[in-house]
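File shown: model.pdb (PDB, C-alpha atoms).
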```
ATOM      1  CA  MET A   1       0.000   0.000   0.000  1.00  0.00           C
ATOM      2  CA  LYS A   2       1.343   3.442  -0.935  1.00  0.00           C
ATOM      3  CA  VAL A   3       1.397   6.673   1.030  1.00  0.00           C
ATOM      4  CA  GLU A   4      -1.554   8.696  -0.256  1.00  0.00           C
ATOM      5  CA  LYS A   5      -4.457  10.822   1.000  1.00  0.00           C
ATOM      6  CA  ASP A   6      -6.383   9.441   3.989  1.00  0.00           C
ATOM      7  CA  LYS A   7      -3.832   6.702   4.709  1.00  0.00           C
ATOM      8  CA  VAL A   8      -2.442   6.311   8.214  1.00  0.00           C
ATOM      9  CA  VAL A   9       1.310   6.477   7.797  1.00  0.00           C
ATOM     10  CA  SER A  10       3.872   5.414  10.360  1.00  0.00           C
ATOM     11  CA  LEU A  11       7.447   6.509   9.744  1.00  0.00           C
ATOM     12  CA  THR A  12      10.836   7.019  11.291  1.00  0.00           C
ATOM     13  CA  TYR A  13      12.888  10.134  10.678  1.00  0.00           C
ATOM     14  CA  GLU A  14      15.823  12.144  11.865  1.00  0.00           C
ATOM     15  CA  LEU A  15      15.721  15.925  11.534  1.00  0.00           C
ATOM     16  CA  THR A  16      19.088  17.627  11.321  1.00  0.00           C
ATOM     17  CA  VAL A  17      19.385  21.404  11.685  1.00  0.00           C
ATOM     18  CA  ASP A  18      22.719  23.230  11.557  1.00  0.00           C
ATOM     19  CA  GLY A  19      24.540  19.877  11.618  1.00  0.00           C
ATOM     20  CA  LYS A  20      22.855  18.694  14.832  1.00  0.00           C
ATOM     21  CA  THR A  21      19.966  16.288  15.414  1.00  0.00           C
ATOM     22  CA  ALA A  22      16.961  18.441  16.317  1.00  0.00           C
ATOM     23  CA  ASP A  23      14.279  15.737  16.450  1.00  0.00           C
ATOM     24  CA  LYS A  24      13.722  12.102  15.592  1.00  0.00           C
ATOM     25  CA  ALA A  25      11.146   9.337  15.535  1.00  0.00           C
ATOM     26  CA  THR A  26      12.460   5.795  15.984  1.00  0.00           C
ATOM     27  CA  ALA A  27      11.080   2.391  15.027  1.00  0.00           C
ATOM     28  CA  GLU A  28      10.096   1.965  18.696  1.00  0.00           C
ATOM     29  CA  ARG A  29       8.327   5.330  18.710  1.00  0.00           C
ATOM     30  CA  PRO A  30       7.461   6.206  15.102  1.00  0.00           C
ATOM     31  CA  LEU A  31       5.531   9.248  13.903  1.00  0.00           C
ATOM     32  CA  ASP A  32       1.940   8.330  12.981  1.00  0.00           C
ATOM     33  CA  TYR A  33      -0.273  10.688  11.000  1.00  0.00           C
ATOM     34  CA  ILE A  34      -3.109  10.771   8.456  1.00  0.00           C
ATOM     35  CA  HIS A  35      -1.591  11.697   5.107  1.00  0.00           C
ATOM     36  CA  GLY A  36      -3.024  14.589   3.102  1.00  0.00           C
ATOM     37  CA  ASN A  37      -4.894  16.175   6.012  1.00  0.00           C
ATOM     38  CA  HIS A  38      -2.464  19.033   6.674  1.00  0.00           C
ATOM     39  CA  MET A  39      -0.980  17.430   9.775  1.00  0.00           C
ATOM     40  CA  LEU A  40       2.617  17.806   8.586  1.00  0.00           C
ATOM     41  CA  LEU A  41       4.444  20.389   6.534  1.00  0.00           C
ATOM     42  CA  PRO A  42       3.058  20.261   2.968  1.00  0.00           C
ATOM     43  CA  LYS A  43       6.486  19.777   1.398  1.00  0.00           C
ATOM     44  CA  PHE A  44       7.247  16.935   3.859  1.00  0.00           C
ATOM     45  CA  GLU A  45       4.049  15.143   2.826  1.00  0.00           C
ATOM     46  CA  ALA A  46       4.849  15.722  -0.866  1.00  0.00           C
ATOM     47  CA  GLU A  47       8.267  14.114  -0.396  1.00  0.00           C
ATOM     48  CA  VAL A  48       6.886  10.881   1.131  1.00  0.00           C
ATOM     49  CA  GLU A  49       3.817  10.664  -1.146  1.00  0.00           C
ATOM     50  CA  GLY A  50       3.813   7.409  -3.131  1.00  0.00           C
ATOM     51  CA  LEU A  51       6.330   5.577  -0.930  1.00  0.00           C
ATOM     52  CA  GLU A  52       5.559   2.084   0.375  1.00  0.00           C
ATOM     53  CA  PRO A  53       6.570   0.441   3.677  1.00  0.00           C
ATOM     54  CA  GLY A  54      10.347   0.123   3.702  1.00  0.00           C
ATOM     55  CA  GLY A  55      10.703   3.088   1.351  1.00  0.00           C
ATOM     56  CA  GLU A  56      13.429   5.508   2.387  1.00  0.00           C
ATOM     57  CA  PHE A  57      13.509   9.279   2.024  1.00  0.00           C
ATOM     58  CA  ALA A  58      16.044  12.073   2.387  1.00  0.00           C
ATOM     59  CA  PHE A  59      15.258  15.686   1.545  1.00  0.00           C
ATOM     60  CA  THR A  60      15.918  19.275   2.586  1.00  0.00           C
ATOM     61  CA  LEU A  61      13.329  21.969   3.226  1.00  0.00           C
ATOM     62  CA  THR A  62      14.201  25.642   2.933  1.00  0.00           C
ATOM     63  CA  PRO A  63      12.877  27.990   5.653  1.00  0.00           C
ATOM     64  CA  GLU A  64      10.076  29.011   3.256  1.00  0.00           C
ATOM     65  CA  GLU A  65       9.104  25.342   2.760  1.00  0.00           C
ATOM     66  CA  GLY A  66       9.392  24.669   6.492  1.00  0.00           C
ATOM     67  CA  TYR A  67       8.375  27.072   9.227  1.00  0.00           C
ATOM     68  CA  GLY A  68       9.014  30.336   7.389  1.00  0.00           C
ATOM     69  CA  VAL A  69      11.611  33.019   7.878  1.00  0.00           C
ATOM     70  CA  HIS A  70      12.076  34.668  11.252  1.00  0.00           C
ATOM     71  CA  ASP A  71       9.590  37.551  11.514  1.00  0.00           C
ATOM     72  CA  PRO A  72      10.744  40.383  13.815  1.00  0.00           C
ATOM     73  CA  SER A  73       7.127  41.583  14.166  1.00  0.00           C
ATOM     74  CA  ARG A  74       6.410  38.403  16.177  1.00  0.00           C
ATOM     75  CA  VAL A  75       8.822  39.456  18.934  1.00  0.00           C
ATOM     76  CA  PHE A  76       7.314  41.446  21.819  1.00  0.00           C
ATOM     77  CA  ASN A  77       8.570  43.054  25.009  1.00  0.00           C
ATOM     78  CA  LEU A  78       6.141  42.204  27.800  1.00  0.00           C
ATOM     79  CA  PRO A  79       6.243  43.745  31.277  1.00  0.00           C
ATOM     80  CA  MET A  80       7.906  41.494  33.856  1.00  0.00           C
ATOM     81  CA  GLU A  81       4.896  41.871  36.176  1.00  0.00           C
ATOM     82  CA  SER A  82       2.633  40.223  33.587  1.00  0.00           C
ATOM     83  CA  PHE A  83       4.321  36.930  34.488  1.00  0.00           C
ATOM     84  CA  MET A  84       3.476  37.248  38.178  1.00  0.00           C
ATOM     85  CA  ILE A  85       1.126  34.829  39.897  1.00  0.00           C
ATOM     86  CA  ASP A  86      -0.024  35.723  43.397  1.00  0.00           C
ATOM     87  CA  GLY A  87       2.422  38.643  43.447  1.00  0.00           C
ATOM     88  CA  ARG A  88       5.536  36.738  42.403  1.00  0.00           C
ATOM     89  CA  ILE A  89       7.132  35.227  39.334  1.00  0.00           C
ATOM     90  CA  PRO A  90       7.281  31.430  39.665  1.00  0.00           C
ATOM     91  CA  GLU A  91      10.819  30.145  40.102  1.00  0.00           C
ATOM     92  CA  GLY A  92      12.330  28.856  36.877  1.00  0.00           C
ATOM     93  CA  LEU A  93       9.626  30.338  34.627  1.00  0.00           C
ATOM     94  CA  LEU A  94      11.633  33.146  33.043  1.00  0.00           C
ATOM     95  CA  VAL A  95      14.679  31.340  31.716  1.00  0.00           C
ATOM     96  CA  GLU A  96      16.116  32.310  28.345  1.00  0.00           C
ATOM     97  CA  GLY A  97      15.151  29.678  25.764  1.00  0.00           C
ATOM     98  CA  ARG A  98      12.174  28.367  27.749  1.00  0.00           C
ATOM     99  CA  VAL A  99       8.936  27.956  25.820  1.00  0.00           C
ATOM    100  CA  ILE A 100       5.877  29.294  27.635  1.00  0.00           C
ATOM    101  CA  PRO A 101       2.280  28.747  26.447  1.00  0.00           C
ATOM    102  CA  MET A 102       0.485  32.074  26.299  1.00  0.00           C
ATOM    103  CA  MET A 103      -2.845  33.361  25.066  1.00  0.00           C
ATOM    104  CA  ASN A 104      -3.059  35.772  22.135  1.00  0.00           C
ATOM    105  CA  GLN A 105      -5.657  38.491  21.597  1.00  0.00           C
ATOM    106  CA  HIS A 106      -7.926  35.974  19.824  1.00  0.00           C
ATOM    107  CA  GLY A 107      -8.019  33.601  22.804  1.00  0.00           C
ATOM    108  CA  GLN A 108      -5.735  31.047  21.131  1.00  0.00           C
ATOM    109  CA  VAL A 109      -2.855  29.410  22.949  1.00  0.00           C
ATOM    110  CA  VAL A 110       0.466  30.213  21.278  1.00  0.00           C
ATOM    111  CA  GLN A 111       3.986  29.157  22.183  1.00  0.00           C
ATOM    112  CA  GLY A 112       6.387  31.960  23.094  1.00  0.00           C
ATOM    113  CA  THR A 113      10.102  31.564  23.718  1.00  0.00           C
ATOM    114  CA  VAL A 114      11.870  33.686  26.309  1.00  0.00           C
ATOM    115  CA  ALA A 115      14.406  35.467  24.086  1.00  0.00           C
ATOM    116  CA  GLY A 116      15.987  37.815  26.604  1.00  0.00           C
ATOM    117  CA  PHE A 117      15.431  40.611  29.062  1.00  0.00           C
ATOM    118  CA  GLU A 118      15.463  44.392  28.668  1.00  0.00           C
ATOM    119  CA  GLY A 119      15.122  46.324  31.905  1.00  0.00           C
ATOM    120  CA  ASP A 120      11.733  45.440  33.417  1.00  0.00           C
ATOM    121  CA  SER A 121      10.584  43.660  30.246  1.00  0.00           C
ATOM    122  CA  VAL A 122      10.798  40.122  28.954  1.00  0.00           C
ATOM    123  CA  LYS A 123      11.483  39.724  25.228  1.00  0.00           C
ATOM    124  CA  MET A 124       9.144  36.974  23.966  1.00  0.00           C
ATOM    125  CA  ASP A 125       9.580  35.447  20.498  1.00  0.00           C
ATOM    126  CA  PHE A 126       6.404  33.962  18.983  1.00  0.00           C
ATOM    127  CA  ASN A 127       8.094  32.685  15.825  1.00  0.00           C
ATOM    128  CA  HIS A 128       8.224  28.908  15.501  1.00  0.00           C
ATOM    129  CA  PRO A 129      11.526  27.691  17.035  1.00  0.00           C
ATOM    130  CA  MET A 130      12.493  26.357  13.589  1.00  0.00           C
ATOM    131  CA  ALA A 131      11.667  29.602  11.744  1.00  0.00           C
ATOM    132  CA  GLY A 132      14.549  30.611   9.503  1.00  0.00           C
ATOM    133  CA  LYS A 133      16.115  27.138   9.667  1.00  0.00           C
ATOM    134  CA  THR A 134      16.945  24.750   6.838  1.00  0.00           C
ATOM    135  CA  LEU A 135      15.492  21.330   7.730  1.00  0.00           C
ATOM    136  CA  ASN A 136      17.227  18.104   6.661  1.00  0.00           C
ATOM    137  CA  PHE A 137      15.092  14.973   6.958  1.00  0.00           C
ATOM    138  CA  LYS A 138      15.976  11.340   6.398  1.00  0.00           C
ATOM    139  CA  GLY A 139      14.028   8.255   7.356  1.00  0.00           C
ATOM    140  CA  SER A 140      11.781   5.473   6.158  1.00  0.00           C
ATOM    141  CA  VAL A 141       8.147   4.450   5.979  1.00  0.00           C
ATOM    142  CA  VAL A 142       7.289   1.782   8.557  1.00  0.00           C
ATOM    143  CA  SER A 143       3.665   1.077   7.611  1.00  0.00           C
ATOM    144  CA  VAL A 144       0.704   2.368   5.615  1.00  0.00           C
ATOM    145  CA  ARG A 145      -2.957   1.491   6.180  1.00  0.00           C
ATOM    146  CA  ASP A 146      -6.408   2.860   5.442  1.00  0.00           C
ATOM    147  CA  ALA A 147      -7.710   5.331   8.016  1.00  0.00           C
ATOM    148  CA  THR A 148     -10.963   4.342   9.707  1.00  0.00           C
ATOM    149  CA  GLU A 149     -14.046   6.564   9.423  1.00  0.00           C
ATOM    150  CA  LYS A 150     -13.627   7.471  13.089  1.00  0.00           C
ATOM    151  CA  GLU A 151      -9.994   8.507  12.497  1.00  0.00           C
ATOM    152  CA  LEU A 152     -11.017  10.618   9.491  1.00  0.00           C
ATOM    153  CA  THR A 153     -13.722  12.319  11.595  1.00  0.00           C
ATOM    154  CA  GLU A 154     -11.941  12.662  14.948  1.00  0.00           C
ATOM    155  CA  GLY A 155      -8.286  12.507  13.903  1.00  0.00           C
ATOM    156  CA  LEU A 156      -5.739   9.830  14.621  1.00  0.00           C
ATOM    157  CA  HIS A 157      -5.229  11.181  18.142  1.00  0.00           C
ATOM    158  CA  GLY A 158      -8.497  13.120  18.568  1.00  0.00           C
ATOM    159  CA  GLU A 159      -7.037  16.301  17.055  1.00  0.00           C
ATOM    160  CA  TYR A 160     -10.198  17.044  15.017  1.00  0.00           C
ATOM    161  CA  LEU A 161     -12.478  16.992  18.069  1.00  0.00           C
ATOM    162  CA  PRO A 162     -13.769  20.410  19.201  1.00  0.00           C
ATOM    163  CA  PRO A 163     -11.681  22.020  21.956  1.00  0.00           C
ATOM    164  CA  GLU A 164     -12.997  22.015  25.480  1.00  0.00           C
ATOM    165  CA  GLU A 165     -15.426  24.799  26.109  1.00  0.00           C
ATOM    166  CA  HIS A 166     -13.321  26.156  28.947  1.00  0.00           C
ATOM    167  CA  HIS A 167      -9.669  25.840  28.031  1.00  0.00           C
ATOM    168  CA  ARG A 168      -7.020  26.631  30.608  1.00  0.00           C
ATOM    169  CA  CYS A 169      -3.339  26.628  29.988  1.00  0.00           C
ATOM    170  CA  HIS A 170      -1.548  24.408  32.520  1.00  0.00           C
ATOM    171  CA  LYS A 171       1.658  23.568  30.681  1.00  0.00           C
ATOM    172  CA  HIS A 172       3.989  25.652  32.790  1.00  0.00           C
ATOM    173  CA  HIS A 173       2.008  25.508  36.031  1.00  0.00           C
ATOM    174  CA  GLY A 174       0.324  22.368  37.271  1.00  0.00           C
ATOM    175  CA  ASP A 175      -1.808  24.520  39.546  1.00  0.00           C
ATOM    176  CA  GLY A 176      -3.778  26.329  36.853  1.00  0.00           C
ATOM    177  CA  GLY A 177      -1.406  29.262  36.539  1.00  0.00           C
ATOM    178  CA  CYS A 178      -1.726  32.254  34.296  1.00  0.00           C
ATOM    179  CA  CYS A 179      -1.751  32.387  30.506  1.00  0.00           C
ATOM    180  CA  HIS A 180      -0.166  35.707  29.602  1.00  0.00           C
ATOM    181  CA  GLY A 181      -1.630  37.927  26.896  1.00  0.00           C
ATOM    182  CA  GLU A 182       0.675  38.091  23.869  1.00  0.00           C
ATOM    183  CA  GLY A 183       1.391  41.732  23.170  1.00  0.00           C
ATOM    184  CA  LYS A 184      -1.138  42.981  25.731  1.00  0.00           C
ATOM    185  CA  LYS A 185      -0.216  46.450  26.863  1.00  0.00           C
ATOM    186  CA  ASP A 186      -1.376  45.950  30.425  1.00  0.00           C
ATOM    187  CA  GLY A 187       0.084  42.435  30.688  1.00  0.00           C
ATOM    188  CA  GLU A 188      -3.080  41.174  32.332  1.00  0.00           C
ATOM    189  CA  CYS A 189      -3.757  37.491  32.824  1.00  0.00           C
ATOM    190  CA  CYS A 190      -6.508  36.118  30.684  1.00  0.00           C
ATOM    191  CA  HIS A 191      -8.244  32.822  31.396  1.00  0.00           C
ATOM    192  CA  LYS A 192     -11.107  31.867  29.130  1.00  0.00           C
ATOM    193  CA  ASP A 193     -13.078  30.400  32.026  1.00  0.00           C
ATOM    194  CA  GLU A 194     -12.836  33.330  34.411  1.00  0.00           C
TER     195      GLU A 194
END
```
What is this file in structure tokens?
Amino acid sequence: MKVEKDKVVSLTYELTVDGKTADKATAERPLDYIHGNHMLLPKFEAEVEGLEPGGEFAFTLTPEEGYGVHDPSRVFNLPMESFMIDGRIPEGLLVEGRVIPMMNQHGQVVQGTVAGFEGDSVKMDFNHPMAGKTLNFKGSVVSVRDATEKELTEGLHGEYLPPEEHHRCHKHHGDGGCCHGEGKKDGECCHKDE
């Protein structure tokens, strides 16, 4: 069976960026996805289209084919106090390079990377961590099968199901901490269920 639209594909890969391994999926823990449903980068899917189990691939994606070029307009200085919870900044939260889930002005959770500090502000970068990077992939197809109707409706891992009505962001705080407003001038916390 070949990799084509609406097939569940399992594959291994190694992603190399700037000469270093940035990510990988092994035979013990392969990447599974439904092909042709915009779950992976379009150029990635185009490169594995038509392969059969055992088929190998190796290709390079430019930044434009991957996660885009780095966009300076997606970098914001947010007031340090906007990261406070109960009057203090949680220990270990503001570390350069740390990814923090935050809420944008549309109520969507976005990933921001702590890019530095300027006075009483935290420089947050909302570009994808791989923006501006050339991506080198190599790997092989492990298996291909037809997706079930349930998988086509709900997603392979439930990703097509509607989000919870009241979404809270708990990734950096197990206690229901604050999602910070991307680019908000007042730095206020914004929970959808409050």
Next on the checklist: I'd like the contact shell of Pro79 (chain A) - 7 Å cut-off, all atoms listed in the file, skipping same-chain residues fewer than 3 positions apart - returned as a VMD selection string.
Outcome noted: chain A and resid 82 120 to 122 187
### Query
Neighbours of Phe137 (chain A) within 8 Å (all atoms listed in the file; same-chain residues fewer than 5 positions away dropped), as a ChimeraX atom specification?
/A:13-16,57-60
- Query: If you apply the PyMOL selection byres ((chain A and resi 141-156) around 10) to this file, what residues do you get, as an NGL selection string?
  - Reply: :A and (1-13 or 26-27 or 30-35 or 37 or 39 or 48 or 51-57 or 139-140 or 157-162)
Of the candidates A:Pro63, A:Pro72, A:Gly112, A:Gly107, which one gets nearest to Asn136 (chain A) if we count only C-alpha atoms?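 For Asn136 (chain A), the nearest of the given residues is A:Pro63.
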The distance between CA of Met130 (chain A) and CA of Asp23 (chain A) is 11.1 Å
A straight line from CA of Arg98 (chain A) to CA of Met80 (chain A) spans 15.1 Å
Å distance separating CA of Lys133 (chain A) from CA of Val69 (chain A), one decimal place =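 Interatomic distance here is 7.6 Å.
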Translate the PyMOL selection byres ((chain A and resi 124) around 12) into a concrete residue list for this structure, as a PyMOL selection string. chain A and resi 72-80+83+94-102+110-118+121-123+125-129+180-183
Atoms to include: C-alpha atoms. Write the selected residues as a PDB file, in the frame of the given file.
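And here is the file that came out, part13.pdb:
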```
ATOM      1  CA  PRO A  72      10.744  40.383  13.815  1.00  0.00           C
ATOM      2  CA  SER A  73       7.127  41.583  14.166  1.00  0.00           C
ATOM      3  CA  ARG A  74       6.410  38.403  16.177  1.00  0.00           C
ATOM      4  CA  VAL A  75       8.822  39.456  18.934  1.00  0.00           C
ATOM      5  CA  PHE A  76       7.314  41.446  21.819  1.00  0.00           C
ATOM      6  CA  ASN A  77       8.570  43.054  25.009  1.00  0.00           C
ATOM      7  CA  LEU A  78       6.141  42.204  27.800  1.00  0.00           C
ATOM      8  CA  PRO A  79       6.243  43.745  31.277  1.00  0.00           C
ATOM      9  CA  MET A  80       7.906  41.494  33.856  1.00  0.00           C
ATOM     10  CA  PHE A  83       4.321  36.930  34.488  1.00  0.00           C
ATOM     11  CA  LEU A  94      11.633  33.146  33.043  1.00  0.00           C
ATOM     12  CA  VAL A  95      14.679  31.340  31.716  1.00  0.00           C
ATOM     13  CA  GLU A  96      16.116  32.310  28.345  1.00  0.00           C
ATOM     14  CA  GLY A  97      15.151  29.678  25.764  1.00  0.00           C
ATOM     15  CA  ARG A  98      12.174  28.367  27.749  1.00  0.00           C
ATOM     16  CA  VAL A  99       8.936  27.956  25.820  1.00  0.00           C
ATOM     17  CA  ILE A 100       5.877  29.294  27.635  1.00  0.00           C
ATOM     18  CA  PRO A 101       2.280  28.747  26.447  1.00  0.00           C
ATOM     19  CA  MET A 102       0.485  32.074  26.299  1.00  0.00           C
ATOM     20  CA  VAL A 110       0.466  30.213  21.278  1.00  0.00           C
ATOM     21  CA  GLN A 111       3.986  29.157  22.183  1.00  0.00           C
ATOM     22  CA  GLY A 112       6.387  31.960  23.094  1.00  0.00           C
ATOM     23  CA  THR A 113      10.102  31.564  23.718  1.00  0.00           C
ATOM     24  CA  VAL A 114      11.870  33.686  26.309  1.00  0.00           C
ATOM     25  CA  ALA A 115      14.406  35.467  24.086  1.00  0.00           C
ATOM     26  CA  GLY A 116      15.987  37.815  26.604  1.00  0.00           C
ATOM     27  CA  PHE A 117      15.431  40.611  29.062  1.00  0.00           C
ATOM     28  CA  GLU A 118      15.463  44.392  28.668  1.00  0.00           C
ATOM     29  CA  SER A 121      10.584  43.660  30.246  1.00  0.00           C
ATOM     30  CA  VAL A 122      10.798  40.122  28.954  1.00  0.00           C
ATOM     31  CA  LYS A 123      11.483  39.724  25.228  1.00  0.00           C
ATOM     32  CA  ASP A 125       9.580  35.447  20.498  1.00  0.00           C
ATOM     33  CA  PHE A 126       6.404  33.962  18.983  1.00  0.00           C
ATOM     34  CA  ASN A 127       8.094  32.685  15.825  1.00  0.00           C
ATOM     35  CA  HIS A 128       8.224  28.908  15.501  1.00  0.00           C
ATOM     36  CA  PRO A 129      11.526  27.691  17.035  1.00  0.00           C
ATOM     37  CA  HIS A 180      -0.166  35.707  29.602  1.00  0.00           C
ATOM     38  CA  GLY A 181      -1.630  37.927  26.896  1.00  0.00           C
ATOM     39  CA  GLU A 182       0.675  38.091  23.869  1.00  0.00           C
ATOM     40  CA  GLY A 183       1.391  41.732  23.170  1.00  0.00           C
TER      41      GLY A 183
END
```
Please return the centre and edge lengths, in Å to one decimal, of a box with edges along x, y and z that contains all listed atoms of region 49-66 of chain A, widened by 4 Å on every side, as JSON.
```
{"center_x": 9.9, "center_y": 14.6, "center_z": 1.7, "size_x": 20.2, "size_y": 36.9, "size_z": 17.6}
```
